[in-house]
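To keep things clear, I will list the structure first and then write my remarks on it.
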Amino acid sequence: MRIYFDHNATEVVFTSGGTESDNFALRGVAEALEPTGRRHLIASSIEHEAVLVTLRALARRGWKVTLLPVDASGIVQPATLEQAVTADTAIVSVMHANNEIGTIQPVAELARIARAHGALMHTDAVQSIGKIAVDVRTLGVDLLSLSAHKFNGPKGAGALWIKRGARVTSIVTGGKHERSRRAGTENVAGIAGLGVAAKLAAKKVTTEALRIGALRDRLESEILAHVPGTALNGVREPRVPNTTNISFEAIEAESLLIALDLEGVAVSTGSACSSGTLEPSHVLRAMGLPSPRTQNSIRLSLGAGNTEAEVDFVVSKLPGIVDKLRSLTRTKVRA
C-alpha cells in the first residue's frame with residue numbers, strides 16, 4: 001500500500017472508521033460550500049450505505065442529489081458524470097473499489113471532470129487500501145476515506161485524507177482536537193494500530209495482491225467450471241484481487257450461505273453493513289441484473305490467512321451443496 005501525503009500530517013484526520021470518514025467528507029464539504037450556492041451532490045448508484053444513506057439525509061435537508069448509473073460491468077462511465085455535473089455541484093463521491101463485486105472505478109478520470117467544473121472529488125477507498133497500491137496524487141482526489149480493519153488493523157480506527165486547501169466543515173464540534181477538524185479524544189491505541197498495519201501492508205501489498213489474486217481466480221474458475229448454472233457478476237478486470245461475486249441459478253443466496261456456514265465456510269450476500277436485511281443487493285440491481293439473480297448471488301472474499309487448501313475445500317464441497325439445495329426444490333439447470 002502506498003499513500004502519499006506530501007509528508008504533511010495536516011492532511012490527515014483520524015476517525016472511527018470508513019463510515020465516519022465518508023460522513024465527514026460529504027457533510028463537511030456540503031456545509032462548507034453551502035454559502036456559495038453549490039448544493040448539488042453526486043455519487044455512484046453502487047456506493048456503500050455510508051455514502052448513500054448520508055446523501056439521502058442531506059437530500060431531506062434540501063441538497064439536490066444525483067446518483068450516477070452503472071452498466072452490467074459495475075463501472076461508472078465518465079461520460080455519465082460529464083452529463084450530470086453542473087456549476088452547482090459541490091462534491092462528487094465515487095468509491096475506488098466496490099465492496100460487493102470488487103470492480104475498480106476510473107477515479108482519476110472522474111476527478112479530472114469534477115475538478116474542471118469546480119467540484120471537489122471524494123473517493124471511498126476502504127476496499128482498495130491494502131489490497132492494491134493507492135496514491136492520492138495519481139488519483140487526483142481531494143478527499144479519501146480509509147478504515148484500518150480492512151488491512152488487518154484494529155476495528156474502530158480510520159482516517160480521512162483532506163487535500164490541503166479543500167474546504168471542509170467539522171461535523172463533530174467541541175474541542176480543538178485534530179486541528180479543530182474533529183473534536184473529541186483520539187483513539188490513540190487504534191491510531192497506533194492503524195499505523196503499524198499500514199506499514200506492514202505497504203511492505204507486502206504487491207506480493208499479497210498476486211498471491212490472493214491467484215487464489216481468487218482459482219476459486220472462481222473452479223466454481224464456474226464445475227457448478228452448473230453459475231455466472232460471474234461484474235467484470236474480471238479491473239478488480240481488487242480478493243473479491244468475487246457469483247450467482248447460483250435456482251438457489252436462494254441465504255440458503256447457500258447457511259449451508260456453507262455449516263461446513264465452516266464464511267461467505268456473504270452483500271455488504272457486511274447490510275446484514276439483517278432481506279432486500280436484494282442494491283449494487284446488483286443498479287447493474288441491471290434480473291431480480292432472481294440479485295437474490296441468488298454470494299460474495300466470496302479472501303484475505304491474508306487464506307490458503308490453497310481452503311480454496312480446494314470450498315471447491316470440493318460446493319457442487320454437492322448446490323445439488324442438494326436444488327434437489328429440495330426439484331429444480332434442474334442447464335450445464
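Residue numbering restarts at 1 for every chain of the C-alpha cells, chains are lettered A, B, ... in their displayed order, and ligands are numbered from 1 as they appear.
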Distance query Ile171 (chain A) at most 12 Å, only C-alpha atoms, self and fewer than 3 positions along chain excluded, as an mmCIF file with N, CA and C atoms, in the first residue's frame:
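As a result, selection.cif now contains:
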```
data_model
loop_
_atom_site.group_PDB
_atom_site.id
_atom_site.type_symbol
_atom_site.label_atom_id
_atom_site.label_comp_id
_atom_site.auth_asym_id
_atom_site.auth_seq_id
_atom_site.Cartn_x
_atom_site.Cartn_y
_atom_site.Cartn_z
ATOM 1 N N THR A 15 -10.328 9.138 12.316
ATOM 2 C CA THR A 15 -11.755 8.957 12.585
ATOM 3 C C THR A 15 -11.980 7.590 13.216
ATOM 4 N N GLU A 20 -17.558 7.017 9.331
ATOM 5 C CA GLU A 20 -17.382 8.397 9.787
ATOM 6 C C GLU A 20 -16.601 9.211 8.765
ATOM 7 N N SER A 21 -15.597 8.619 8.161
ATOM 8 C CA SER A 21 -14.812 9.337 7.160
ATOM 9 C C SER A 21 -15.672 9.755 5.975
ATOM 10 N N ASP A 22 -16.550 8.860 5.522
ATOM 11 C CA ASP A 22 -17.459 9.200 4.423
ATOM 12 C C ASP A 22 -18.406 10.319 4.829
ATOM 13 N N ASN A 23 -18.956 10.211 6.040
ATOM 14 C CA ASN A 23 -19.853 11.258 6.543
ATOM 15 C C ASN A 23 -19.136 12.603 6.624
ATOM 16 N N PHE A 24 -17.923 12.570 7.141
ATOM 17 C CA PHE A 24 -17.145 13.797 7.289
ATOM 18 C C PHE A 24 -16.922 14.440 5.915
ATOM 19 N N ALA A 25 -16.556 13.634 4.935
ATOM 20 C CA ALA A 25 -16.291 14.168 3.598
ATOM 21 C C ALA A 25 -17.542 14.803 2.999
ATOM 22 N N LEU A 26 -18.645 14.075 3.017
ATOM 23 C CA LEU A 26 -19.861 14.548 2.361
ATOM 24 C C LEU A 26 -20.526 15.699 3.112
ATOM 25 N N ARG A 27 -20.752 15.506 4.397
ATOM 26 C CA ARG A 27 -21.401 16.553 5.179
ATOM 27 C C ARG A 27 -20.486 17.775 5.327
ATOM 28 N N GLY A 28 -19.203 17.489 5.524
ATOM 29 C CA GLY A 28 -18.259 18.588 5.719
ATOM 30 C C GLY A 28 -18.136 19.482 4.507
ATOM 31 N N VAL A 29 -18.056 18.888 3.324
ATOM 32 C CA VAL A 29 -17.966 19.678 2.097
ATOM 33 C C VAL A 29 -19.295 20.359 1.796
ATOM 34 N N ALA A 30 -20.403 19.619 1.961
ATOM 35 C CA ALA A 30 -21.725 20.185 1.677
ATOM 36 C C ALA A 30 -21.966 21.448 2.504
ATOM 37 N N GLU A 31 -21.664 21.384 3.788
ATOM 38 C CA GLU A 31 -21.905 22.535 4.650
ATOM 39 C C GLU A 31 -20.904 23.658 4.397
ATOM 40 N N ALA A 32 -19.667 23.296 4.075
ATOM 41 C CA ALA A 32 -18.658 24.324 3.819
ATOM 42 C C ALA A 32 -18.977 25.122 2.564
ATOM 43 N N VAL A 168 -13.679 22.123 4.093
ATOM 44 C CA VAL A 168 -14.468 21.114 4.796
ATOM 45 C C VAL A 168 -14.814 21.644 6.185
ATOM 46 N N GLY A 174 -16.646 20.747 19.316
ATOM 47 C CA GLY A 174 -16.257 20.689 20.722
ATOM 48 C C GLY A 174 -14.877 21.286 20.879
ATOM 49 N N SER A 180 -8.794 21.248 15.100
ATOM 50 C CA SER A 180 -10.170 21.775 15.122
ATOM 51 C C SER A 180 -11.060 21.171 14.040
ATOM 52 N N ARG A 181 -10.676 20.020 13.509
ATOM 53 C CA ARG A 181 -11.494 19.402 12.468
ATOM 54 C C ARG A 181 -12.311 18.216 12.966
ATOM 55 N N ARG A 182 -11.952 17.651 14.126
ATOM 56 C CA ARG A 182 -12.754 16.563 14.712
ATOM 57 C C ARG A 182 -12.576 16.590 16.216
ATOM 58 N N ALA A 183 -13.558 17.118 16.901
ATOM 59 C CA ALA A 183 -13.461 17.244 18.351
ATOM 60 C C ALA A 183 -13.572 15.882 19.028
ATOM 61 N N GLY A 184 -12.978 15.768 20.202
ATOM 62 C CA GLY A 184 -13.071 14.537 20.982
ATOM 63 C C GLY A 184 -11.717 13.871 21.130
#
```
Considering only C-alpha atoms, tabulate each residue of region 257-331 of chain A that lies at most 12 Å from region 122-133 of chain A along with its nearest interatomic pair and the corresponding distance in Å to one decimal; arrange the rows by chain and ascending residue number and present them as CSV.
```
residue,atom,partner,partner_atom,distance
A:Ser271,CA,A:Gln127,CA,11.1
A:Ser301,CA,A:Gln127,CA,11.2
A:Leu302,CA,A:Lys131,CA,10.7
A:Gly303,CA,A:Lys131,CA,9.3
A:Ala304,CA,A:Lys131,CA,10.1
```
Practice problem: Find the distance between CA of Ala266 (chain A) and CA of Gly193 (chain A) and write it in Å to one decimal. | Solution: 25.6 Å
Practice problem: Tell me, as a ChimeraX atom specification, which residues lie within 12 Å of Pro290 (chain A), counting only C-alpha atoms; anything in the same chain fewer than 3 positions away does not count. | Solution: /A:72,233,247,249,280-281,284-287,293-297
Practice problem: Per DSSP on the backbone, filter region 12-261 of chain A down to the residues in strand (DSSP E or B) and report them as JSON, numbers by chain. | Solution: {"A": [12, 13, 14, 15, 40, 41, 42, 43, 44, 64, 65, 66, 67, 68, 89, 90, 91, 92, 93, 97, 103, 104, 120, 121, 122, 123, 124, 129, 132, 143, 144, 145, 146, 147, 158, 159, 160, 161, 162, 230, 231, 232, 239, 243, 244, 245, 246, 247, 248]}
Exercise. Rank nothing, just name the residue among A:Val85, A:Leu160, A:Met121, A:Ala259 nearest to Ala9 (chain A), using only C-alpha atoms.
Key: A:Leu160
Quiz item: Hey, what's within 10 Å of Ala157 (chain A) if we count only C-alpha atoms and toss same-chain stuff fewer than 5 positions away? As a PyMOL selection string, please?
Solution: chain A and resi 14-18+20+146-149+186-194
Store the residues picked out above in a file with N, CA and C atoms, as an mmCIF file, in the first residue's frame.
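To be explicit, this is the file written out as part_29.cif:
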```
data_model
loop_
_atom_site.group_PDB
_atom_site.id
_atom_site.type_symbol
_atom_site.label_atom_id
_atom_site.label_comp_id
_atom_site.auth_asym_id
_atom_site.auth_seq_id
_atom_site.Cartn_x
_atom_site.Cartn_y
_atom_site.Cartn_z
ATOM 1 N N PHE A 14 -7.877 11.640 11.783
ATOM 2 C CA PHE A 14 -8.212 10.299 12.242
ATOM 3 C C PHE A 14 -9.675 10.241 12.666
ATOM 4 N N THR A 15 -10.328 9.138 12.316
ATOM 5 C CA THR A 15 -11.755 8.957 12.585
ATOM 6 C C THR A 15 -11.980 7.590 13.216
ATOM 7 N N SER A 16 -13.252 7.239 13.383
ATOM 8 C CA SER A 16 -13.591 5.936 13.957
ATOM 9 C C SER A 16 -13.680 4.842 12.892
ATOM 10 N N GLY A 17 -13.509 5.202 11.614
ATOM 11 C CA GLY A 17 -13.586 4.202 10.551
ATOM 12 C C GLY A 17 -14.101 4.795 9.252
ATOM 13 N N GLY A 18 -14.402 3.913 8.305
ATOM 14 C CA GLY A 18 -14.828 4.358 6.983
ATOM 15 C C GLY A 18 -16.139 5.116 6.986
ATOM 16 N N GLU A 20 -17.558 7.017 9.331
ATOM 17 C CA GLU A 20 -17.382 8.397 9.787
ATOM 18 C C GLU A 20 -16.601 9.211 8.765
ATOM 19 N N LEU A 146 -10.515 5.858 4.490
ATOM 20 C CA LEU A 146 -9.956 4.523 4.696
ATOM 21 C C LEU A 146 -10.315 4.025 6.084
ATOM 22 N N SER A 147 -10.233 2.704 6.257
ATOM 23 C CA SER A 147 -10.553 2.075 7.535
ATOM 24 C C SER A 147 -9.498 1.032 7.869
ATOM 25 N N ALA A 148 -8.996 1.066 9.089
ATOM 26 C CA ALA A 148 -7.862 0.222 9.479
ATOM 27 C C ALA A 148 -8.150 -1.271 9.380
ATOM 28 N N HIS A 149 -9.353 -1.696 9.765
ATOM 29 C CA HIS A 149 -9.595 -3.136 9.842
ATOM 30 C C HIS A 149 -9.595 -3.808 8.474
ATOM 31 N N GLU A 186 -8.829 11.438 20.885
ATOM 32 C CA GLU A 186 -8.474 10.483 19.840
ATOM 33 C C GLU A 186 -8.334 9.065 20.396
ATOM 34 N N ASN A 187 -8.611 8.097 19.548
ATOM 35 C CA ASN A 187 -8.420 6.690 19.888
ATOM 36 C C ASN A 187 -6.945 6.360 19.645
ATOM 37 N N VAL A 188 -6.113 6.718 20.609
ATOM 38 C CA VAL A 188 -4.664 6.645 20.426
ATOM 39 C C VAL A 188 -4.202 5.221 20.109
ATOM 40 N N ALA A 189 -4.716 4.257 20.859
ATOM 41 C CA ALA A 189 -4.305 2.866 20.621
ATOM 42 C C ALA A 189 -4.713 2.413 19.224
ATOM 43 N N GLY A 190 -5.945 2.777 18.815
ATOM 44 C CA GLY A 190 -6.411 2.408 17.484
ATOM 45 C C GLY A 190 -5.597 3.067 16.385
ATOM 46 N N ILE A 191 -5.247 4.338 16.587
ATOM 47 C CA ILE A 191 -4.456 5.061 15.590
ATOM 48 C C ILE A 191 -3.070 4.446 15.470
ATOM 49 N N ALA A 192 -2.475 4.076 16.618
ATOM 50 C CA ALA A 192 -1.163 3.429 16.588
ATOM 51 C C ALA A 192 -1.246 2.103 15.833
ATOM 52 N N GLY A 193 -2.334 1.351 16.087
ATOM 53 C CA GLY A 193 -2.516 0.087 15.378
ATOM 54 C C GLY A 193 -2.710 0.288 13.898
ATOM 55 N N LEU A 194 -3.437 1.339 13.529
ATOM 56 C CA LEU A 194 -3.613 1.671 12.110
ATOM 57 C C LEU A 194 -2.260 1.913 11.453
#
```
Exercise. Fewer than 5 positions away in the same chain doesn't count, so skip those; otherwise give me all residues within 9 Å of Glu220 (chain A), counting only C-alpha atoms, as a ChimeraX atom specification.
Key: /A:215,225,232,244-246,300
Those same residues, written as a PDB file, in the first residue's frame with C-alpha atoms?
```pdb
ATOM      1  CA  LEU A 215      -6.349 -17.888  -5.054  1.00  0.00           C
ATOM      2  CA  ALA A 225     -16.427 -24.749 -14.361  1.00  0.00           C
ATOM      3  CA  LEU A 232     -19.795 -14.054 -12.525  1.00  0.00           C
ATOM      4  CA  THR A 244     -15.565 -12.401  -6.458  1.00  0.00           C
ATOM      5  CA  ASN A 245     -19.347 -12.305  -6.708  1.00  0.00           C
ATOM      6  CA  ILE A 246     -21.105 -15.306  -8.247  1.00  0.00           C
ATOM      7  CA  LEU A 300     -16.600 -14.638  -1.627  1.00  0.00           C
TER       8      LEU A 300
END
```
Exercise. Considering only C-alpha atoms, return as a ChimeraX atom specification whatever protein or nucleic-acid residues lie within 10 Å of Ile212 (chain A), sequence-local ones (same chain, fewer than 3 positions apart) excluded.
Key: /A:131,207-209,215-218,240-243,301-308
Okay, now the selection with N, CA and C atoms, as a PDB file, in the first residue's frame?
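So the final result, stored in part.pdb, reads:
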```
ATOM      1  N   LYS A 131      -5.112  -3.547  -0.477  1.00  0.00           N
ATOM      2  CA  LYS A 131      -5.293  -4.594  -1.495  1.00  0.00           C
ATOM      3  C   LYS A 131      -4.470  -4.296  -2.746  1.00  0.00           C
ATOM      4  N   THR A 207       3.112  -8.357  -3.444  1.00  0.00           N
ATOM      5  CA  THR A 207       3.201  -9.817  -3.398  1.00  0.00           C
ATOM      6  C   THR A 207       1.897 -10.440  -2.923  1.00  0.00           C
ATOM      7  N   GLU A 208       1.246  -9.813  -1.938  1.00  0.00           N
ATOM      8  CA  GLU A 208      -0.017 -10.343  -1.440  1.00  0.00           C
ATOM      9  C   GLU A 208      -1.119 -10.227  -2.477  1.00  0.00           C
ATOM     10  N   ALA A 209      -1.087  -9.144  -3.245  1.00  0.00           N
ATOM     11  CA  ALA A 209      -2.091  -8.981  -4.297  1.00  0.00           C
ATOM     12  C   ALA A 209      -1.973 -10.104  -5.320  1.00  0.00           C
ATOM     13  N   LEU A 215      -5.391 -17.055  -5.789  1.00  0.00           N
ATOM     14  CA  LEU A 215      -6.349 -17.888  -5.054  1.00  0.00           C
ATOM     15  C   LEU A 215      -7.775 -17.568  -5.482  1.00  0.00           C
ATOM     16  N   ARG A 216      -8.084 -16.271  -5.600  1.00  0.00           N
ATOM     17  CA  ARG A 216      -9.421 -15.858  -6.011  1.00  0.00           C
ATOM     18  C   ARG A 216      -9.749 -16.387  -7.406  1.00  0.00           C
ATOM     19  N   ASP A 217      -8.802 -16.264  -8.329  1.00  0.00           N
ATOM     20  CA  ASP A 217      -9.038 -16.735  -9.691  1.00  0.00           C
ATOM     21  C   ASP A 217      -9.240 -18.240  -9.737  1.00  0.00           C
ATOM     22  N   ARG A 218      -8.477 -18.961  -8.914  1.00  0.00           N
ATOM     23  CA  ARG A 218      -8.627 -20.419  -8.851  1.00  0.00           C
ATOM     24  C   ARG A 218      -9.997 -20.795  -8.304  1.00  0.00           C
ATOM     25  N   VAL A 240     -10.193  -5.463  -7.508  1.00  0.00           N
ATOM     26  CA  VAL A 240      -9.261  -5.757  -6.426  1.00  0.00           C
ATOM     27  C   VAL A 240      -9.100  -7.274  -6.380  1.00  0.00           C
ATOM     28  N   PRO A 241      -7.959  -7.776  -5.906  1.00  0.00           N
ATOM     29  CA  PRO A 241      -7.654  -9.203  -6.051  1.00  0.00           C
ATOM     30  C   PRO A 241      -8.374 -10.153  -5.116  1.00  0.00           C
ATOM     31  N   ASN A 242      -9.084  -9.643  -4.134  1.00  0.00           N
ATOM     32  CA  ASN A 242      -9.614 -10.531  -3.090  1.00  0.00           C
ATOM     33  C   ASN A 242     -11.089 -10.878  -3.231  1.00  0.00           C
ATOM     34  N   THR A 243     -11.796 -10.287  -4.200  1.00  0.00           N
ATOM     35  CA  THR A 243     -13.251 -10.390  -4.216  1.00  0.00           C
ATOM     36  C   THR A 243     -13.791 -11.023  -5.492  1.00  0.00           C
ATOM     37  N   SER A 301     -14.834 -13.553  -0.376  1.00  0.00           N
ATOM     38  CA  SER A 301     -13.672 -12.687  -0.194  1.00  0.00           C
ATOM     39  C   SER A 301     -12.540 -13.472   0.448  1.00  0.00           C
ATOM     40  N   LEU A 302     -11.331 -13.195   0.001  1.00  0.00           N
ATOM     41  CA  LEU A 302     -10.153 -13.861   0.549  1.00  0.00           C
ATOM     42  C   LEU A 302      -9.252 -12.842   1.225  1.00  0.00           C
ATOM     43  N   GLY A 303      -8.442 -13.335   2.168  1.00  0.00           N
ATOM     44  CA  GLY A 303      -7.550 -12.445   2.892  1.00  0.00           C
ATOM     45  C   GLY A 303      -6.209 -13.080   3.164  1.00  0.00           C
ATOM     46  N   ALA A 304      -5.430 -12.425   4.014  1.00  0.00           N
ATOM     47  CA  ALA A 304      -4.056 -12.841   4.269  1.00  0.00           C
ATOM     48  C   ALA A 304      -3.953 -14.263   4.821  1.00  0.00           C
ATOM     49  N   GLY A 305      -4.968 -14.701   5.549  1.00  0.00           N
ATOM     50  CA  GLY A 305      -4.881 -16.021   6.172  1.00  0.00           C
ATOM     51  C   GLY A 305      -5.327 -17.178   5.309  1.00  0.00           C
ATOM     52  N   ASN A 306      -5.885 -16.898   4.151  1.00  0.00           N
ATOM     53  CA  ASN A 306      -6.417 -17.971   3.308  1.00  0.00           C
ATOM     54  C   ASN A 306      -5.332 -18.726   2.549  1.00  0.00           C
ATOM     55  N   THR A 307      -5.594 -20.015   2.300  1.00  0.00           N
ATOM     56  CA  THR A 307      -4.612 -20.894   1.684  1.00  0.00           C
ATOM     57  C   THR A 307      -5.211 -21.651   0.501  1.00  0.00           C
ATOM     58  N   GLU A 308      -4.355 -22.297  -0.281  1.00  0.00           N
ATOM     59  CA  GLU A 308      -4.817 -23.124  -1.393  1.00  0.00           C
ATOM     60  C   GLU A 308      -5.680 -24.274  -0.890  1.00  0.00           C
TER      61      GLU A 308
END
```
Exercise. State, in Å with one decimal place, the distance from CA of Arg112 (chain A) to CA of Ala79 (chain A).
Key: 12.0 Å
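Across A:Pro35, A:Thr185, A:Ile75, A:Leu144, the tightest approach to Val172 (chain A) is made by A:Thr185 when counting only C-alpha atoms.
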Quiz item: Can you list every residue in region 10-255 of chain A that DSSP puts in alpha helix (DSSP H), as a VMD selection string?
Solution: chain A and resid 18 to 33 49 to 60 78 to 84 107 to 116 136 to 139 177 to 180 188 to 226 253 to 255
Practice problem: Excluding Leu41 (chain A) and any residue of its chain fewer than 2 positions from it, enumerate the residues within 8 Å of it, using only C-alpha atoms, and give them as a list in words. | Solution: Ala30, Arg39, Ala43, Leu55, Trp63, Lys64, Val65, Thr66, Thr89, Ala90, Ile91 and Val92 of chain A
